[in-house]
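Source file: query-v3.cif. Holds: mmCIF, C-alpha atoms.
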data_protein
loop_
_atom_site.label_atom_id
_atom_site.label_comp_id
_atom_site.auth_asym_id
_atom_site.auth_seq_id
_atom_site.Cartn_x
_atom_site.Cartn_y
_atom_site.Cartn_z
CA MET A 1 -66.33 17.11 40.42
CA ALA A 2 -64.43 20.16 41.57
CA GLY A 3 -66.30 20.79 44.80
CA SER A 4 -66.19 17.26 46.16
CA SER A 5 -62.72 17.39 47.72
CA SER A 6 -63.47 20.62 49.56
CA SER A 7 -66.86 19.30 50.72
CA ASN A 8 -65.13 16.11 51.91
CA ALA A 9 -62.67 18.20 53.88
CA ALA A 10 -65.53 20.19 55.41
CA ASP A 11 -67.36 16.97 56.31
CA ARG A 12 -64.25 15.55 57.93
CA GLU A 13 -63.84 18.74 59.89
CA VAL A 14 -67.39 18.32 61.30
CA GLU A 15 -66.63 14.68 62.18
CA LEU A 16 -63.43 15.77 63.94
CA ARG A 17 -65.36 18.29 66.00
CA ALA A 18 -67.91 15.60 66.89
CA GLU A 19 -65.04 13.34 67.98
CA LYS A 20 -64.15 16.06 70.48
CA GLY A 21 -67.74 16.18 71.75
CA ASP A 22 -68.95 19.32 69.97
CA ARG A 23 -72.75 19.22 70.28
CA ASP A 24 -73.38 21.41 67.22
CA ALA A 25 -71.22 19.10 65.15
CA TRP A 26 -73.28 16.12 66.35
CA ASN A 27 -76.50 17.93 65.43
CA THR A 28 -75.13 18.62 61.95
CA LEU A 29 -74.20 14.97 61.49
CA ILE A 30 -77.56 13.75 62.78
CA GLU A 31 -79.41 16.12 60.49
CA ARG A 32 -77.38 14.90 57.56
CA TYR A 33 -77.44 11.16 58.13
CA ASN A 34 -80.55 10.41 60.18
CA ARG A 35 -82.71 9.88 57.12
CA ARG A 36 -80.18 7.42 55.71
CA VAL A 37 -80.29 5.41 58.95
CA ILE A 38 -84.10 5.38 58.92
CA VAL A 39 -84.26 4.26 55.30
CA TYR A 40 -81.67 1.59 56.10
CA LEU A 41 -83.79 0.27 58.96
CA VAL A 42 -86.98 0.35 56.87
CA GLY A 43 -85.04 -1.65 54.30
CA ARG A 44 -84.39 -4.19 57.03
CA GLY A 45 -88.14 -4.58 57.49
CA LEU A 46 -88.97 -2.07 60.22
CA ARG A 47 -91.98 0.22 60.00
CA PRO A 48 -91.12 3.91 59.66
CA CYS A 49 -92.17 4.68 63.27
CA GLU A 50 -90.00 1.81 64.62
CA ALA A 51 -87.15 2.91 62.39
CA ARG A 52 -87.33 6.48 63.69
CA GLU A 53 -87.15 5.28 67.30
CA LEU A 54 -84.27 2.95 66.66
CA ALA A 55 -82.44 5.66 64.69
CA GLN A 56 -82.72 7.90 67.75
CA ASP A 57 -81.17 5.12 69.85
CA VAL A 58 -78.35 4.86 67.31
CA TRP A 59 -77.34 8.49 67.78
CA VAL A 60 -77.68 8.34 71.57
CA ARG A 61 -75.45 5.26 71.66
CA LEU A 62 -72.86 6.85 69.41
CA MET A 63 -72.75 10.02 71.49
CA CYS A 64 -72.39 7.97 74.70
CA GLN A 65 -69.56 5.96 73.16
CA GLN A 66 -67.84 9.18 72.10
CA ARG A 67 -68.18 10.61 75.61
CA GLU A 68 -66.68 7.44 77.07
CA GLN A 69 -63.90 7.78 74.47
CA ARG A 70 -64.68 4.41 72.97
CA LEU A 71 -64.82 5.80 69.45
CA SER A 72 -61.42 6.18 67.87
CA ARG A 73 -62.88 7.76 64.76
CA ILE A 74 -66.33 8.90 63.66
CA ASP A 75 -66.75 7.85 60.06
CA LEU A 76 -70.29 8.39 58.85
CA PRO A 77 -72.64 7.10 57.65
CA GLY A 78 -70.88 3.70 57.97
CA LEU A 79 -70.57 3.89 61.75
CA ALA A 80 -74.23 4.85 62.24
CA LEU A 81 -75.42 2.10 59.87
CA ALA A 82 -73.30 -0.50 61.68
CA GLN A 83 -74.75 0.66 65.01
CA ALA A 84 -78.27 0.56 63.54
CA ARG A 85 -77.68 -2.96 62.35
CA PHE A 86 -76.37 -4.03 65.73
CA LEU A 87 -79.32 -2.52 67.61
CA HIS A 88 -81.79 -4.05 65.18
CA LEU A 89 -80.24 -7.49 65.65
CA GLU A 90 -80.30 -6.99 69.41
CA SER A 91 -84.02 -6.27 69.31
CA VAL A 92 -84.58 -9.28 67.06
CA ARG A 93 -82.62 -11.44 69.55
CA ARG A 94 -84.74 -10.22 72.40
CA HIS A 95 -87.88 -11.35 70.61
CA LYS A 96 -86.55 -14.48 68.95
CA ALA A 97 -84.60 -17.31 70.58
CA VAL A 98 -82.58 -18.05 67.44
CA VAL A 99 -81.06 -15.51 65.10
CA PRO A 100 -80.38 -16.70 61.57
CA LEU A 101 -76.68 -17.50 61.16
CA ASP A 102 -76.19 -15.12 58.25
CA GLU A 103 -77.63 -12.29 60.30
CA ALA A 104 -75.41 -13.10 63.27
CA ARG A 105 -72.30 -13.27 61.09
CA GLY A 106 -72.90 -9.81 59.72
CA VAL A 107 -73.11 -8.06 63.09
CA HIS A 108 -69.66 -6.54 62.82
CA ASP A 109 -69.93 -5.57 59.18
CA PRO A 110 -68.33 -2.13 59.32
CA THR A 111 -70.06 -0.82 56.23
CA GLY A 112 -73.50 -1.99 57.23
CA SER A 113 -74.18 -3.10 53.69
CA GLU A 114 -75.26 -6.67 54.22
CA ARG A 115 -77.21 -6.82 51.02
CA ALA A 116 -74.51 -6.59 48.44
CA LEU A 117 -75.63 -6.28 44.86
CA ASP A 118 -74.42 -9.20 42.81
CA ARG A 119 -71.76 -8.40 40.24
CA ILE A 120 -74.03 -8.91 37.28
CA ARG A 121 -76.68 -6.50 38.49
CA LEU A 122 -74.05 -4.02 39.59
CA GLY A 123 -72.40 -4.22 36.17
CA ARG A 124 -75.74 -3.67 34.47
CA ALA A 125 -76.45 -0.69 36.70
CA LEU A 126 -73.03 0.82 35.99
CA SER A 127 -73.41 0.47 32.23
CA ALA A 128 -76.88 2.05 32.47
CA LEU A 129 -75.26 4.88 34.39
CA ASP A 130 -72.67 5.29 31.64
CA GLN A 131 -75.40 5.67 29.05
CA LEU A 132 -76.71 8.72 30.87
CA GLY A 133 -75.08 12.06 30.23
CA ASP A 134 -71.94 12.94 32.19
CA ARG A 135 -73.75 15.57 34.20
CA ASP A 136 -76.57 13.20 35.24
CA ARG A 137 -74.09 10.50 36.21
CA GLU A 138 -71.97 12.91 38.22
CA LEU A 139 -75.05 14.31 39.91
CA PHE A 140 -76.14 10.82 40.91
CA GLU A 141 -72.65 9.96 42.17
CA ALA A 142 -72.58 13.14 44.24
CA ALA A 143 -76.07 12.59 45.63
CA TYR A 144 -75.50 8.96 46.58
CA GLY A 145 -71.77 8.89 47.15
CA PRO A 146 -70.05 9.26 50.52
CA ASN A 147 -70.63 12.61 52.25
CA ALA A 148 -73.55 13.42 50.01
CA PRO A 149 -74.49 17.09 50.33
CA SER A 150 -78.06 18.37 50.54
CA GLN A 151 -80.02 18.73 47.31
CA ALA A 152 -79.76 22.51 47.59
CA ALA A 153 -75.97 22.27 47.83
CA LEU A 154 -75.93 19.83 44.93
CA ALA A 155 -78.03 22.19 42.83
CA THR A 156 -75.61 25.05 43.52
CA THR A 157 -72.58 22.91 42.68
CA PHE A 158 -74.07 21.80 39.36
CA GLY A 159 -75.58 25.17 38.51
CA LEU A 160 -79.14 23.82 38.47
CA SER A 161 -82.36 24.64 40.26
CA VAL A 162 -83.34 22.37 43.16
CA GLN A 163 -86.41 21.29 41.20
CA ARG A 164 -84.30 20.30 38.18
CA THR A 165 -81.86 18.46 40.44
CA LYS A 166 -84.73 16.46 41.90
CA GLN A 167 -86.08 15.70 38.42
CA ILE A 168 -82.73 14.45 37.17
CA LEU A 169 -82.19 12.26 40.23
CA CYS A 170 -85.71 10.91 39.88
CA THR A 171 -85.04 9.96 36.24
CA VAL A 172 -81.73 8.32 37.10
CA ARG A 173 -83.33 6.35 39.94
CA ALA A 174 -86.16 5.21 37.66
CA THR A 175 -83.61 4.04 35.07
CA LEU A 176 -81.59 2.14 37.66
CA ARG A 177 -84.71 0.65 39.20
CA ARG A 178 -85.72 -0.74 35.79
CA VAL A 179 -82.26 -2.21 35.31
CA LEU A 180 -82.18 -3.76 38.78
CA GLU A 181 -85.64 -5.25 38.45
CA ASP A 182 -85.01 -6.84 35.03
CA MET B 1 -106.34 6.65 53.71
CA PRO B 2 -106.10 4.76 50.39
CA HIS B 3 -102.80 3.07 49.48
CA PRO B 4 -100.30 5.74 48.47
CA PRO B 5 -99.10 5.57 44.85
CA LEU B 6 -95.68 4.14 44.13
CA GLU B 7 -94.32 7.60 43.31
CA GLN B 8 -95.09 8.74 46.82
CA LEU B 9 -93.33 5.76 48.36
CA VAL B 10 -90.34 6.43 46.12
CA ALA B 11 -90.39 10.08 47.16
CA TRP B 12 -90.39 9.02 50.82
CA THR B 13 -87.24 6.93 50.37
CA ALA B 14 -85.58 9.83 48.53
CA GLY B 15 -86.62 12.32 51.21
CA ASP B 16 -88.56 14.40 48.70
CA LEU B 17 -91.85 14.67 50.62
CA THR B 18 -92.94 17.64 52.70
CA PRO B 19 -93.18 16.96 56.47
CA THR B 20 -96.99 16.81 56.24
CA GLN B 21 -96.94 14.34 53.33
CA GLU B 22 -94.31 12.30 55.11
CA GLN B 23 -96.36 12.13 58.29
CA ALA B 24 -99.50 11.05 56.41
CA LEU B 25 -97.63 8.37 54.46
CA GLU B 26 -95.88 6.97 57.53
CA ALA B 27 -99.17 6.85 59.43
CA HIS B 28 -100.58 4.69 56.65
CA VAL B 29 -97.52 2.48 56.23
CA ASP B 30 -97.38 1.83 60.00
CA GLN B 31 -100.82 0.22 59.71
CA CYS B 32 -100.60 -1.40 56.26
CA ASP B 33 -98.56 -4.55 55.71
CA ASP B 34 -98.65 -4.31 51.91
CA CYS B 35 -97.37 -0.76 51.82
CA ALA B 36 -94.79 -1.53 54.52
CA SER B 37 -93.44 -4.35 52.40
CA ARG B 38 -93.37 -2.16 49.25
CA LEU B 39 -91.65 0.61 51.14
CA SER B 40 -89.11 -1.82 52.56
CA ALA B 41 -88.26 -3.04 49.04
CA LEU B 42 -87.84 0.53 47.84
CA ALA B 43 -85.66 1.37 50.83
CA ARG B 44 -83.41 -1.57 49.98
CA GLN B 45 -83.16 -0.22 46.43
CA GLU B 46 -82.18 3.14 47.87
CA LEU B 47 -79.30 1.36 49.62
CA ASP B 48 -78.41 -0.26 46.30
CA PHE B 49 -78.14 3.21 44.78
CA HIS B 50 -75.51 4.14 47.36
CA GLN B 51 -73.61 1.00 46.47
CA ILE B 52 -73.86 1.77 42.74
CA ALA B 53 -72.67 5.36 43.25
CA ASP B 54 -69.78 4.13 45.37
CA ALA B 55 -68.78 1.54 42.75
CA SER B 56 -69.11 4.12 39.99
CA LEU B 57 -66.88 6.57 41.83
CA HIS B 58 -64.21 3.97 42.47
CA ARG B 59 -63.95 2.45 39.01
CA PRO B 60 -61.39 3.60 36.46
CA ARG B 61 -63.06 6.30 34.46
CA ALA B 62 -63.31 5.63 30.72
CA ASN B 63 -61.94 8.68 28.98
CA ARG B 64 -63.60 9.69 25.76
CA TRP B 65 -60.25 11.13 24.55
CA ALA B 66 -58.36 7.96 25.41
CA TRP B 67 -58.52 6.47 21.90
CA PRO B 68 -57.48 9.55 19.92
CA VAL B 69 -54.68 10.24 22.42
CA ALA B 70 -53.50 6.62 22.19
CA VAL B 71 -53.47 6.76 18.38
CA VAL B 72 -51.48 10.00 18.34
CA ALA B 73 -49.04 8.64 20.96
CA LEU B 74 -48.59 5.45 18.96
CA ALA B 75 -47.97 7.40 15.75
CA ALA B 76 -45.44 9.61 17.56
CA ALA B 77 -43.68 6.55 18.98
CA ALA B 78 -43.53 4.92 15.54
CA GLY B 79 -42.13 8.14 14.09
CA MET B 80 -39.43 8.26 16.77
CA VAL B 81 -38.45 4.64 16.10
CA ILE B 82 -38.17 5.25 12.37
CA TRP B 83 -36.24 8.48 12.93
CA PHE B 84 -33.64 6.94 15.23
CA MET B 85 -33.40 3.56 13.50
CA PRO B 86 -30.08 3.16 11.60
CA SER B 87 -30.73 3.53 7.90
CA ARG B 88 -31.03 0.16 6.16
CA SER B 89 -29.15 1.51 3.20
CA GLN B 90 -25.99 1.52 5.36
CA ASP B 91 -26.24 -2.25 5.80
CA LEU B 92 -26.94 -3.04 2.16
CA PRO B 93 -24.47 -3.03 -0.71
CA THR B 94 -24.31 0.32 -2.40
CA PRO B 95 -26.80 0.34 -5.24
CA PRO B 96 -25.64 1.24 -8.70
CA GLN B 97 -25.38 4.95 -9.23
CA GLN B 98 -28.46 6.18 -10.95
CA THR B 99 -28.83 9.60 -12.31
CA THR B 100 -31.26 11.29 -14.53
CA GLN B 101 -28.29 12.07 -16.78
CA GLN B 102 -28.13 8.37 -17.70
CA THR B 103 -31.73 8.41 -18.77
CA GLU B 104 -31.07 11.39 -20.92
CA ASP B 105 -27.96 9.72 -22.38
CA LEU B 106 -29.87 6.60 -23.09
CA THR B 107 -33.08 7.91 -24.49
CA PRO B 108 -32.08 9.34 -27.85
CA ASP B 109 -30.35 6.11 -28.97
CA CYS B 110 -32.56 3.57 -27.35
CA ARG B 111 -36.01 4.99 -27.88
CA SER B 112 -35.35 5.51 -31.56
CA HIS B 113 -34.26 1.86 -32.02
CA PRO B 114 -36.76 -0.17 -34.15
CA GLU B 115 -36.86 -2.94 -31.51
CA PHE B 116 -37.40 -0.56 -28.62
CA ASP B 117 -40.86 -1.85 -27.69
CA ALA B 118 -39.76 -5.50 -27.61
CA CYS B 119 -36.66 -4.51 -25.70
CA ALA B 120 -38.62 -2.49 -23.20
CA SER B 121 -41.09 -5.36 -22.59
CA GLU B 122 -38.24 -7.75 -21.97
CA ALA B 123 -36.55 -5.31 -19.60
CA ILE B 124 -39.76 -4.84 -17.65
CA GLU B 125 -40.26 -8.63 -17.43
CA GLN B 126 -36.75 -9.10 -16.09
CA GLY B 127 -37.29 -6.37 -13.55
CA LEU B 128 -34.49 -4.37 -15.06
CA TRP B 129 -36.58 -1.38 -15.86
CA ILE B 130 -39.46 0.30 -14.19
CA PRO B 131 -40.87 2.78 -16.67
CA ASP B 132 -40.79 6.42 -15.67
CA VAL B 133 -38.76 5.73 -12.55
CA GLU B 134 -35.12 5.03 -12.93
CA VAL B 135 -32.88 3.38 -15.41
CA PRO B 136 -30.20 1.07 -14.00
CA ARG B 137 -26.56 1.42 -14.89
CA TYR B 138 -24.76 -1.56 -16.35
CA GLU B 139 -21.16 -2.49 -16.25
CA ALA B 140 -20.84 -3.20 -19.94
CA GLU B 141 -20.86 0.05 -21.73
CA ALA B 142 -21.83 -1.54 -24.97
CA ALA B 143 -24.94 -3.13 -23.58
CA CYS B 144 -28.38 -1.71 -24.03
CA LEU B 145 -29.01 0.34 -20.97
CA THR B 146 -32.63 -0.71 -20.93
CA CYS B 147 -32.63 -4.50 -21.34
CA GLY B 148 -28.92 -5.14 -20.87
CA ARG B 149 -28.56 -6.87 -24.19
CA GLU B 150 -25.27 -6.34 -25.91
CA GLY B 151 -25.13 -4.72 -29.26
#
Please re-express this file's structure in C-alpha cells.
Amino acid sequence: MAGSSSSNAADREVELRAEKGDRDAWNTLIERYNRRVIVYLVGRGLRPCEARELAQDVWVRLMCQQREQRLSRIDLPGLALAQARFLHLESVRRHKAVVPLDEARGVHDPTGSERALDRIRLGRALSALDQLGDRDRELFEAAYGPNAPSQAALATTFGLSVQRTKQILCTVRATLRRVLED
Amino acid sequence: MPHPPLEQLVAWTAGDLTPTQEQALEAHVDQCDDCASRLSALARQELDFHQIADASLHRPRANRWAWPVAVVALAAAAGMVIWFMPSRSQDLPTPPQQTTQQTEDLTPDCRSHPEFDACASEAIEQGLWIPDVEVPRYEAEAACLTCGREG
C-alpha cells in the first residue's frame, strides 16, 4: 500500500515526541492504542470496566517510566500490551498465592502475544485471506497491522466510504472467524 | 437488559459501537458471566486478527505475474543459450553437398525409369532418400542417385 510507509513515518514521529515527554503526543498515542489494550485485557478474562481501569494504569506507568528516562524507546502497541500483561499478572499475584508457571514465564514477552495461533490455523487463515480480493486483504492488513490508522483514514487511503470500509472489515472478520473456529 | 446479540459483542471488540451502545453493553457484560466469557473469546479472536495481519504482511507475496514472467525469462534464456552455442555442424563431418540442381539433374532420367517405384521404395527403406526433401549425392557417378544402385 502506498500510504503505509508515510503513515509509519508519521507514527514514529509521534512516538519520538512522546519519548521526549510531549503531552500531546502521549494523548495521540493513548487515543490510538487504548482500545487495543482494553480488548487485550478483556481477552485475558477481565470485565470491560476492570480492563478500562487497568488500561489507565498502563498509560500512567508508561508515562512515569518515560519521565524517569527508563524507556529507551516507545514502540507501540507492543510496549503497552507488555505493560498491561505485567500489571494483570501483578494483580493476579496479589489475589492468588501461586501463579501458573506458563503465565509467569510469559511476563517479559515483549510482544504481549501469549496466545500464539498454531501454525495450522494460521496457515488456514492466511489462505482464506488470499481467497479474498486484493483490496479486501490489503484493507484488513492495514486495519490490523502495526500502526493501524483510524477507519476514517483507512477509508480515505482506499478511496471508500467509512461505512463500506466497516462492511468489508466485518466480512473479512466473519470469514476468518469461521476458519479459526473450524 | 437482555443478552446482547453476537453482532453487538463483535462490534464492541472492533470498536464499531457508539459511546451510548458501548456503555450499555459494558454495563451488561460487567454483570453477566456468560456474556463476559463470550466477549473474552471474541477479544482473543481480535488479537488473533492482529497476528494474522502481521503474518500476512511479512510473508513473501505471491505475484500473479510470476508464472508468465518466469516462462518468458526461461524462453529468453533458452534462446540465448542456443544463439551462443557453437554450431554442431562445425563438429560434425561436412555433409555431402546437396543442391536442388542435383534433383533437377536426376529427375528426368530417374523418374522416367520403368523401375522407378521399386527403386524409390528401396531408397526410402535404406534411408537414402526422403521424398520431397533432398537427394543425396553419391561418389559413383554411374550409380542411381536415388537408391545408389549401379547401372
- prompt: Given a cut-off of 6 Å, which residues of chain A touch chain B, counting all atoms listed in the file, written out as a list in words?
  reply: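 Close enough to count are Val39, Val42, Gly43, Gly45, Arg47, Glu141, Tyr144 and Gly145 of chain A.
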message: Calculated over only C-alpha atoms, which of the candidates A:Trp26, A:Val37, A:Asp136, A:Ala174 has the smallest distance to Leu6 (chain B)?
response: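 Looking only at the distances to Leu6 (chain B), the closest residue turns out to be A:Ala174.
In this model, the gap between CA of Asp24 (chain A) and CA of Ala51 (chain A) comes to 23.6 Å.
From CA of Leu76 (chain A) back to CA of Leu46 (chain A), the distance works out to 21.5 Å.
Our summary of the geometry notes that CA of Arg52 (chain A) is positioned 19.0 Å from CA of Arg94 (chain A).
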